[in-house]
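File shown: data17.txt (compact mmCIF, C-alpha atoms).
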```txt
# COMPACT_ATOMS: atom_id res chain seq x y z
CA MET G 3 -82.39 59.42 -53.43
CA LYS G 4 -83.09 55.88 -54.64
CA LYS G 5 -80.13 53.80 -55.79
CA HIS G 6 -81.32 53.40 -59.38
CA GLN G 7 -81.87 57.18 -59.60
CA ALA G 8 -78.32 57.81 -58.36
CA ILE G 9 -76.96 55.41 -61.00
CA LEU G 10 -78.98 57.16 -63.73
CA ASN G 11 -77.82 60.60 -62.60
CA SER G 12 -74.19 59.46 -62.58
CA ALA G 13 -74.56 57.97 -66.05
CA VAL G 14 -76.16 61.11 -67.50
CA PHE G 15 -73.47 63.33 -65.97
CA ALA G 16 -70.68 61.06 -67.22
CA VAL G 17 -72.04 60.93 -70.77
CA ALA G 18 -72.35 64.72 -70.94
CA PHE G 19 -68.95 65.23 -69.35
CA GLY G 20 -67.28 62.67 -71.60
CA TYR G 21 -68.69 64.35 -74.70
CA LEU G 22 -67.62 67.77 -73.41
CA GLU G 23 -64.12 66.43 -72.77
CA ALA G 24 -63.92 65.11 -76.33
CA VAL G 25 -64.97 68.48 -77.77
CA VAL G 26 -62.39 70.26 -75.60
CA VAL G 27 -59.67 67.92 -76.89
CA VAL G 28 -60.75 68.62 -80.47
CA TYR G 29 -60.09 72.31 -79.80
CA LEU G 30 -56.86 71.62 -77.92
CA ARG G 31 -55.39 69.52 -80.71
CA THR G 32 -55.93 72.48 -83.01
CA ILE G 33 -54.56 75.14 -80.66
CA LEU G 34 -51.92 73.60 -78.40
CA THR G 35 -49.50 72.70 -81.18
CA ARG G 36 -48.79 76.43 -81.40
CA ARG G 37 -47.77 76.72 -77.73
CA PRO G 38 -44.55 75.50 -76.12
CA ASP G 39 -46.32 74.96 -72.77
CA TRP G 40 -48.98 72.61 -74.19
CA GLN G 41 -48.05 69.76 -71.85
CA THR G 42 -48.54 71.91 -68.73
CA ILE G 43 -51.96 72.93 -70.01
CA GLU G 44 -52.82 69.28 -70.71
CA ILE G 45 -51.78 68.21 -67.20
CA SER G 46 -53.93 70.95 -65.65
CA ARG G 47 -56.90 69.79 -67.75
CA GLU G 48 -56.43 66.19 -66.59
CA ALA G 49 -56.21 67.26 -62.95
CA ALA G 50 -59.37 69.37 -63.27
CA THR G 51 -61.21 66.45 -64.86
CA ILE G 52 -60.39 64.08 -62.00
CA ILE G 53 -61.35 66.73 -59.42
CA MET G 54 -64.71 67.29 -61.12
CA LEU G 55 -65.46 63.55 -61.24
CA ALA G 56 -64.48 63.17 -57.59
CA ALA G 57 -66.55 66.19 -56.52
CA PHE G 58 -69.62 64.85 -58.34
CA ALA G 59 -69.16 61.44 -56.71
CA ILE G 60 -68.87 62.96 -53.24
CA ALA G 61 -72.09 64.90 -53.79
CA SER G 62 -73.92 61.88 -55.23
CA GLY G 63 -73.45 59.18 -52.61
CA LYS G 64 -74.79 58.96 -49.09
CA ASN G 65 -71.78 57.02 -47.78
CA THR G 66 -68.22 56.14 -48.74
CA VAL G 67 -69.23 52.97 -50.58
CA GLN G 68 -71.77 54.71 -52.80
CA ARG G 69 -69.46 57.67 -53.41
CA THR G 70 -66.68 55.35 -54.52
CA GLY G 71 -69.15 53.56 -56.77
CA ALA G 72 -70.35 56.83 -58.27
CA PHE G 73 -66.76 57.84 -59.04
CA LEU G 74 -65.93 54.51 -60.71
CA LEU G 75 -69.19 54.47 -62.69
CA SER G 76 -68.79 58.08 -63.84
CA PHE G 77 -65.12 57.62 -64.70
CA GLY G 78 -65.81 54.50 -66.76
CA ILE G 79 -68.68 56.02 -68.74
CA TRP G 80 -66.81 59.32 -69.20
CA ASP G 81 -63.77 57.56 -70.65
CA ILE G 82 -65.75 55.49 -73.15
CA VAL G 83 -67.89 58.44 -74.27
CA TYR G 84 -64.70 60.51 -74.60
CA TYR G 85 -63.37 58.14 -77.24
CA LEU G 86 -66.75 58.01 -78.96
CA GLY G 87 -66.75 61.82 -79.15
CA LEU G 88 -63.27 61.87 -80.67
CA LYS G 89 -64.39 59.28 -83.20
CA ILE G 90 -67.35 61.44 -84.18
CA TRP G 91 -65.44 64.71 -84.65
CA LEU G 92 -61.91 63.59 -85.58
CA ASN G 93 -62.56 60.07 -86.89
CA TRP G 94 -59.97 58.97 -84.33
CA PRO G 95 -58.92 56.46 -83.09
CA ASP G 96 -58.66 54.46 -86.27
CA SER G 97 -59.28 51.27 -84.29
CA LEU G 98 -59.20 49.96 -80.75
CA ALA G 99 -55.57 48.98 -81.39
CA THR G 100 -54.55 52.61 -81.95
CA THR G 101 -52.05 53.82 -79.35
CA ASP G 102 -53.07 56.80 -77.21
CA ILE G 103 -51.43 58.80 -74.43
CA LEU G 104 -53.93 58.38 -71.61
CA PHE G 105 -52.51 60.63 -68.87
CA TYR G 106 -49.46 62.68 -68.00
CA ILE G 107 -49.99 62.42 -64.21
CA PRO G 108 -47.63 61.51 -62.55
CA CYS G 109 -45.93 60.16 -65.68
CA VAL G 110 -46.91 59.22 -69.22
CA TRP G 111 -49.54 56.48 -69.52
CA SER G 112 -49.64 55.06 -73.05
CA SER G 113 -51.45 52.05 -74.49
CA PRO G 114 -53.76 50.83 -77.25
CA VAL G 115 -57.25 52.25 -76.82
CA TYR G 116 -58.78 48.86 -76.04
CA ILE G 117 -56.95 48.73 -72.69
CA PRO G 118 -58.54 51.85 -71.11
CA VAL G 119 -61.88 50.87 -72.65
CA LEU G 120 -61.62 47.42 -71.03
CA PHE G 121 -60.74 48.87 -67.65
CA SER G 122 -63.53 51.44 -68.01
CA GLY G 123 -66.01 48.62 -68.54
CA LEU G 124 -64.79 46.92 -65.37
CA MET G 125 -65.03 50.22 -63.48
CA ILE G 126 -68.64 50.63 -64.63
CA LEU G 127 -69.49 47.13 -63.38
CA LEU G 128 -67.75 47.67 -60.05
CA GLY G 129 -69.30 51.12 -59.69
CA VAL G 130 -72.82 49.75 -60.13
CA LEU G 131 -72.17 46.97 -57.60
CA LEU G 132 -70.95 49.50 -55.06
CA MET G 133 -73.84 51.90 -55.66
CA ILE G 134 -76.41 49.16 -55.11
CA GLU G 135 -74.25 47.85 -52.25
CA TYR G 136 -74.04 44.31 -53.60
CA GLY G 137 -71.13 42.02 -52.74
CA ILE G 138 -69.58 44.66 -50.48
CA ASP G 139 -67.71 42.19 -48.27
CA HIS G 140 -66.06 40.54 -51.29
CA ILE G 141 -65.15 43.91 -52.80
CA ARG G 142 -63.72 45.20 -49.52
CA GLN G 143 -61.49 42.17 -49.07
CA SER G 144 -60.29 42.38 -52.65
CA ALA G 145 -59.64 46.12 -52.31
CA ARG G 146 -57.75 45.63 -49.03
CA TRP G 147 -55.43 43.05 -50.56
CA GLY G 148 -55.07 45.20 -53.67
CA LEU G 149 -54.08 48.22 -51.60
CA TYR G 150 -51.35 46.28 -49.82
CA GLY G 151 -50.06 44.98 -53.13
CA CYS G 152 -50.18 48.43 -54.70
CA LEU G 153 -48.17 50.00 -51.88
CA SER G 154 -45.62 47.18 -52.04
CA GLY G 155 -45.37 47.62 -55.80
CA LEU G 156 -44.80 51.36 -55.47
CA LEU G 157 -41.92 50.79 -53.10
CA GLY G 158 -40.50 47.94 -55.16
CA GLY G 159 -40.77 49.94 -58.38
CA MET G 160 -38.87 52.87 -56.89
CA LEU G 161 -36.10 50.53 -55.76
CA MET G 162 -35.97 48.62 -59.06
CA ALA G 163 -36.11 51.64 -61.38
CA PRO G 164 -32.33 51.74 -61.99
CA LEU G 165 -32.29 48.02 -62.79
CA LEU G 166 -35.18 48.45 -65.24
CA HIS G 167 -33.56 51.55 -66.80
CA LEU G 168 -36.80 53.46 -66.34
CA PRO G 169 -37.85 56.74 -64.73
CA MET G 170 -38.78 56.12 -61.11
CA THR G 171 -42.41 57.19 -61.60
CA ALA G 172 -42.95 54.82 -64.54
CA ALA G 173 -41.32 51.88 -62.77
CA ALA G 174 -43.27 52.54 -59.56
CA MET G 175 -46.64 52.96 -61.28
CA GLY G 176 -46.19 49.91 -63.51
CA LEU G 177 -45.23 47.61 -60.66
CA ALA G 178 -47.87 49.09 -58.36
CA PHE G 179 -50.65 48.27 -60.82
CA TRP G 180 -49.19 44.81 -61.49
CA CYS G 181 -48.87 43.86 -57.82
CA GLY G 182 -52.12 45.57 -56.85
CA LEU G 183 -54.27 43.74 -59.38
CA ILE G 184 -52.71 40.36 -58.65
CA THR G 185 -53.14 40.73 -54.88
CA ALA G 186 -56.69 42.05 -55.43
CA GLY G 187 -57.37 38.79 -57.26
CA MET G 188 -55.96 36.86 -54.30
CA GLY G 189 -58.27 38.71 -51.92
CA LEU G 190 -61.26 38.08 -54.18
CA ALA G 191 -60.36 34.39 -54.48
CA LEU G 192 -60.29 34.09 -50.69
CA ALA G 193 -63.64 35.86 -50.39
CA MET G 194 -65.40 33.85 -53.09
CA THR G 195 -64.06 30.43 -52.08
CA GLY G 196 -64.65 30.88 -48.36
CA GLY G 197 -67.87 28.89 -48.37
CA LEU G 198 -66.71 26.12 -50.70
CA LYS G 199 -66.10 22.75 -49.06
CA LYS G 200 -65.21 20.67 -52.13
CA ILE G 201 -61.67 21.05 -53.38
CA LEU G 202 -62.36 20.87 -57.14
CA PRO G 203 -64.71 23.90 -57.33
CA LEU G 204 -62.28 25.78 -55.08
CA ILE G 205 -59.37 25.03 -57.40
CA LEU G 206 -61.26 25.96 -60.56
CA LEU G 207 -62.69 29.21 -59.19
CA SER G 208 -59.39 30.32 -57.64
CA ALA G 209 -57.46 29.58 -60.82
CA ALA G 210 -60.02 31.45 -62.94
CA ILE G 211 -59.93 34.53 -60.71
CA GLY G 212 -56.14 34.43 -60.68
CA ALA G 213 -55.90 34.11 -64.45
CA LEU G 214 -58.18 37.11 -64.92
CA SER G 215 -56.30 39.25 -62.40
CA GLY G 216 -52.98 38.27 -64.00
CA PHE G 217 -54.22 39.22 -67.45
CA LEU G 218 -55.43 42.60 -66.20
CA ALA G 219 -52.15 43.11 -64.32
CA HIS G 220 -50.15 42.52 -67.49
CA LEU G 221 -52.27 45.01 -69.44
CA ALA G 222 -52.01 47.62 -66.67
CA ARG G 223 -48.23 47.32 -66.45
CA SER G 224 -47.94 47.70 -70.23
CA MET G 225 -49.36 51.23 -69.93
CA PHE G 226 -46.11 52.34 -68.29
CA TYR G 227 -43.47 50.14 -69.86
CA LEU G 228 -43.23 47.15 -72.13
CA SER G 229 -42.67 43.99 -70.17
CA ALA G 230 -40.09 41.50 -71.37
CA SER G 231 -42.29 38.69 -70.06
CA ALA G 232 -45.23 37.27 -71.96
CA PRO G 233 -48.81 37.65 -70.67
CA ALA G 234 -48.71 33.96 -69.75
CA VAL G 235 -46.16 34.72 -67.02
CA SER G 236 -48.44 37.18 -65.22
CA ILE G 237 -51.48 34.95 -65.75
CA GLY G 238 -49.67 31.86 -64.49
CA LEU G 239 -48.20 33.56 -61.43
CA ALA G 240 -51.50 35.14 -60.44
CA ALA G 241 -53.40 31.87 -60.89
CA LEU G 242 -50.79 30.06 -58.78
CA PHE G 243 -50.89 32.67 -56.00
CA CYS G 244 -54.70 32.68 -55.86
CA LEU G 245 -54.75 28.91 -55.83
CA LEU G 246 -52.18 28.70 -53.04
CA VAL G 247 -53.90 31.14 -50.67
CA ALA G 248 -57.28 29.46 -51.21
CA ILE G 249 -55.91 25.96 -50.63
CA VAL G 250 -53.93 27.02 -47.54
CA ARG G 251 -57.00 28.57 -45.95
CA HIS G 252 -59.11 25.55 -46.93
CA ALA G 253 -56.57 23.25 -45.28
CA ARG G 254 -56.50 25.34 -42.11
CA ARG G 255 -60.28 25.35 -41.84
CA SER G 256 -60.44 21.59 -42.42
CA ARG G 257 -57.83 21.07 -39.69
CA LEU G 258 -59.72 23.28 -37.26
CA ASN G 259 -63.00 21.52 -38.00
CA GLY G 260 -61.27 18.17 -37.44
CA CYS G 261 -59.93 19.31 -34.08
CA GLU G 262 -63.37 20.49 -32.99
CA ASN G 263 -64.91 17.15 -33.91
```
Any chance you could give the structure as C-alpha cells?
Amino acid sequence: MKKHQAILNSAVFAVAFGYLEAVVVVYLRTILTRRPDWQTIEISREAATIIMLAAFAIASGKNTVQRTGAFLLSFGIWDIVYYLGLKIWLNWPDSLATTDILFYIPCVWSSPVYIPVLFSGLMILLGVLLMIEYGIDHIRQSARWGLYGCLSGLLGGMLMAPLLHLPMTAAAMGLAFWCGLITAGMGLALAMTGGLKKILPLILLSAAIGALSGFLAHLARSMFYLSASAPAVSIGLAALFCLLVAIVRHARRSRLNGCEN
C-alpha cells in the first residue's frame, strides 16, 4: 500500500469513527443519567475506543513507525470530528473555551476544549510525518528523551502527591506529561541544532523549541490539576533547559574539533 493511500484510509476511518463516537455520546447523555453505574460504562467505552484505534493502526502500517503514525493520525482526526459531531447534534461545546471531561482513565482528565483540539492537531502532523517516514531520526530522539522524562515524572508525581494534596494518579499523570513534553523538546532541540555551527541560530532555534515545549507542557499538566505557577514559568524553564543542552553539546563538539586540528 502506498503511503498516501494509507494516510487517506486512516483519515477516512478516523472521520467515520469520530462521528460514530459523537452519536454514541449523544445517546449516552440521554440514557446514562438514569443509571448509577454510568461512569463504569463510560470507562469501558473509552477503553474500547482506544483499543479500536490501536487495532486499526496495527493493521494499517507495515512497520512500527508507520503504525505509530497511523495511530496518532487517526486519534487526532477522531478527536476533532468527535467535537464537530457533538456540535452538530447537541450544539455543544458552546465555544473552544468550554470545559470538558476528556477521559476517566486512569483518572479524570478535564480541560477547555481548545487544549485537546490543539494536541489533536499536533498528533495529526506527527502522524503524517511518521507515515511518510520523514524526519524519523529527529522524532526518535525527541521521543526517547520524552519517554525518560515521562517515566521520571510518573515517579516524581507519585512521591509528591501528598505534598500537592492530590490523588496519586492525578499528580503522577500531570507531572509525567509536564516532564515528558519538556524533555521531548530538549531531545528535539539537540536533534535540530546538531548541524548548526553558528551560535546565534543555535540559541534562537533552541529557545523557540523550548518555549513551545514548555507551553504545551503547561497545558498538558492543567488537564490534571491547576498549577500555581504561570505559563511563563514552564515556558522559561523549558527554553532554558533546551538552550543549555544545545550549548553544552556545541561546546563539546567545538572542543573536540579543536583537539583534532
| request: For Gln41 in chain G, work out the shell of residues within 12 Å, counting only C-alpha atoms and skipping chain neighbours fewer than 4 positions away, then give it as number ranges by chain. | output: G: 30-31, 34-37, 45-48, 103, 105-107, 109-110
Output the selection as a PDB file, in the frame of the given file - C-alpha atoms for each residue.
```pdb
ATOM      1  CA  LEU G  30     -56.860  71.620 -77.920  1.00  0.00           C
ATOM      2  CA  ARG G  31     -55.390  69.520 -80.710  1.00  0.00           C
ATOM      3  CA  LEU G  34     -51.920  73.600 -78.400  1.00  0.00           C
ATOM      4  CA  THR G  35     -49.500  72.700 -81.180  1.00  0.00           C
ATOM      5  CA  ARG G  36     -48.790  76.430 -81.400  1.00  0.00           C
ATOM      6  CA  ARG G  37     -47.770  76.720 -77.730  1.00  0.00           C
ATOM      7  CA  ILE G  45     -51.780  68.210 -67.200  1.00  0.00           C
ATOM      8  CA  SER G  46     -53.930  70.950 -65.650  1.00  0.00           C
ATOM      9  CA  ARG G  47     -56.900  69.790 -67.750  1.00  0.00           C
ATOM     10  CA  GLU G  48     -56.430  66.190 -66.590  1.00  0.00           C
ATOM     11  CA  ILE G 103     -51.430  58.800 -74.430  1.00  0.00           C
ATOM     12  CA  PHE G 105     -52.510  60.630 -68.870  1.00  0.00           C
ATOM     13  CA  TYR G 106     -49.460  62.680 -68.000  1.00  0.00           C
ATOM     14  CA  ILE G 107     -49.990  62.420 -64.210  1.00  0.00           C
ATOM     15  CA  CYS G 109     -45.930  60.160 -65.680  1.00  0.00           C
ATOM     16  CA  VAL G 110     -46.910  59.220 -69.220  1.00  0.00           C
TER      17      VAL G 110
END
```
| note | With distances taken over only C-alpha atoms, the candidate from G:Leu88, G:Ala49, G:Leu192, G:Ala234 nearest Ala24 in chain G is G:Leu88
| request: In Å, rounded to a single decimal, give me how far CA of Met125 in chain G is from CA of Trp111 in chain G. | output: 17.8 Å
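Shortest separation to Phe15 in chain G among G:Ala50, G:Leu131, G:Ile79, G:Ala145 occurs at residue G:Ile79, atoms counted being only C-alpha atoms.
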| field | Å distance separating CA of Leu168 in chain G from CA of Pro108 in chain G, one decimal place | value | 14.0 Å
| query | Smallest atom-to-atom distance to Gly196 in chain G: which of G:Ile33, G:Ala248, G:Val27, G:Ile117, using only C-alpha atoms? | reply |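 Residue with the minimum atom-to-atom distance to Gly196 in chain G: G:Ala248.
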| query | What is the CA of Met225 in chain G-CA of Met175 in chain G distance in Å, reported with one decimal? | reply | 9.2 Å
Missing atoms in range 224-244 of chain G should be modelled up to N, CA and C atoms and reported as an mmCIF file, in the coordinates of the input.
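Listing of result-v8.cif after writing:
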```cif
data_model
loop_
_atom_site.group_PDB
_atom_site.id
_atom_site.type_symbol
_atom_site.label_atom_id
_atom_site.label_comp_id
_atom_site.auth_asym_id
_atom_site.auth_seq_id
_atom_site.Cartn_x
_atom_site.Cartn_y
_atom_site.Cartn_z
ATOM 1 N N SER G 224 -48.370 47.313 -68.881
ATOM 2 C CA SER G 224 -47.940 47.700 -70.230
ATOM 3 C C SER G 224 -48.242 49.165 -70.531
ATOM 4 N N MET G 225 -49.091 49.812 -69.711
ATOM 5 C CA MET G 225 -49.360 51.230 -69.930
ATOM 6 C C MET G 225 -48.176 52.105 -69.551
ATOM 7 N N PHE G 226 -47.246 51.557 -68.771
ATOM 8 C CA PHE G 226 -46.110 52.340 -68.290
ATOM 9 C C PHE G 226 -44.783 51.898 -68.891
ATOM 10 N N TYR G 227 -44.661 50.623 -69.170
ATOM 11 C CA TYR G 227 -43.470 50.140 -69.860
ATOM 12 C C TYR G 227 -43.761 48.759 -70.415
ATOM 13 N N LEU G 228 -43.067 48.445 -71.510
ATOM 14 C CA LEU G 228 -43.230 47.150 -72.130
ATOM 15 C C LEU G 228 -42.531 46.088 -71.281
ATOM 16 N N SER G 229 -43.249 45.050 -70.969
ATOM 17 C CA SER G 229 -42.670 43.990 -70.170
ATOM 18 C C SER G 229 -41.961 42.985 -71.061
ATOM 19 N N ALA G 230 -40.809 42.516 -70.610
ATOM 20 C CA ALA G 230 -40.090 41.500 -71.370
ATOM 21 C C ALA G 230 -40.778 40.147 -71.266
ATOM 22 N N SER G 231 -41.603 39.967 -70.253
ATOM 23 C CA SER G 231 -42.290 38.690 -70.060
ATOM 24 C C SER G 231 -43.588 38.652 -70.850
ATOM 25 N N ALA G 232 -43.996 37.458 -71.228
ATOM 26 C CA ALA G 232 -45.230 37.270 -71.960
ATOM 27 C C ALA G 232 -46.422 37.360 -71.016
ATOM 28 N N PRO G 233 -47.629 37.612 -71.544
ATOM 29 C CA PRO G 233 -48.810 37.650 -70.670
ATOM 30 C C PRO G 233 -48.984 36.364 -69.870
ATOM 31 N N ALA G 234 -48.543 35.239 -70.439
ATOM 32 C CA ALA G 234 -48.710 33.960 -69.750
ATOM 33 C C ALA G 234 -47.990 33.931 -68.413
ATOM 34 N N VAL G 235 -46.893 34.691 -68.293
ATOM 35 C CA VAL G 235 -46.160 34.720 -67.020
ATOM 36 C C VAL G 235 -47.009 35.347 -65.924
ATOM 37 N N SER G 236 -47.591 36.524 -66.210
ATOM 38 C CA SER G 236 -48.440 37.180 -65.220
ATOM 39 C C SER G 236 -49.676 36.346 -64.910
ATOM 40 N N ILE G 237 -50.276 35.768 -65.943
ATOM 41 C CA ILE G 237 -51.480 34.950 -65.750
ATOM 42 C C ILE G 237 -51.156 33.718 -64.905
ATOM 43 N N GLY G 238 -50.050 33.060 -65.233
ATOM 44 C CA GLY G 238 -49.670 31.860 -64.490
ATOM 45 C C GLY G 238 -49.333 32.142 -63.047
ATOM 46 N N LEU G 239 -48.562 33.204 -62.802
ATOM 47 C CA LEU G 239 -48.200 33.560 -61.430
ATOM 48 C C LEU G 239 -49.429 33.909 -60.602
ATOM 49 N N ALA G 240 -50.305 34.728 -61.185
ATOM 50 C CA ALA G 240 -51.500 35.140 -60.440
ATOM 51 C C ALA G 240 -52.405 33.947 -60.145
ATOM 52 N N ALA G 241 -52.573 33.060 -61.116
ATOM 53 C CA ALA G 241 -53.400 31.870 -60.890
ATOM 54 C C ALA G 241 -52.793 31.004 -59.790
ATOM 55 N N LEU G 242 -51.467 30.866 -59.803
ATOM 56 C CA LEU G 242 -50.790 30.060 -58.780
ATOM 57 C C LEU G 242 -50.953 30.687 -57.395
ATOM 58 N N PHE G 243 -50.766 31.998 -57.288
ATOM 59 C CA PHE G 243 -50.890 32.670 -56.000
ATOM 60 C C PHE G 243 -52.316 32.552 -55.446
ATOM 61 N N CYS G 244 -53.297 32.787 -56.305
ATOM 62 C CA CYS G 244 -54.700 32.680 -55.860
ATOM 63 C C CYS G 244 -55.022 31.264 -55.421
#
```
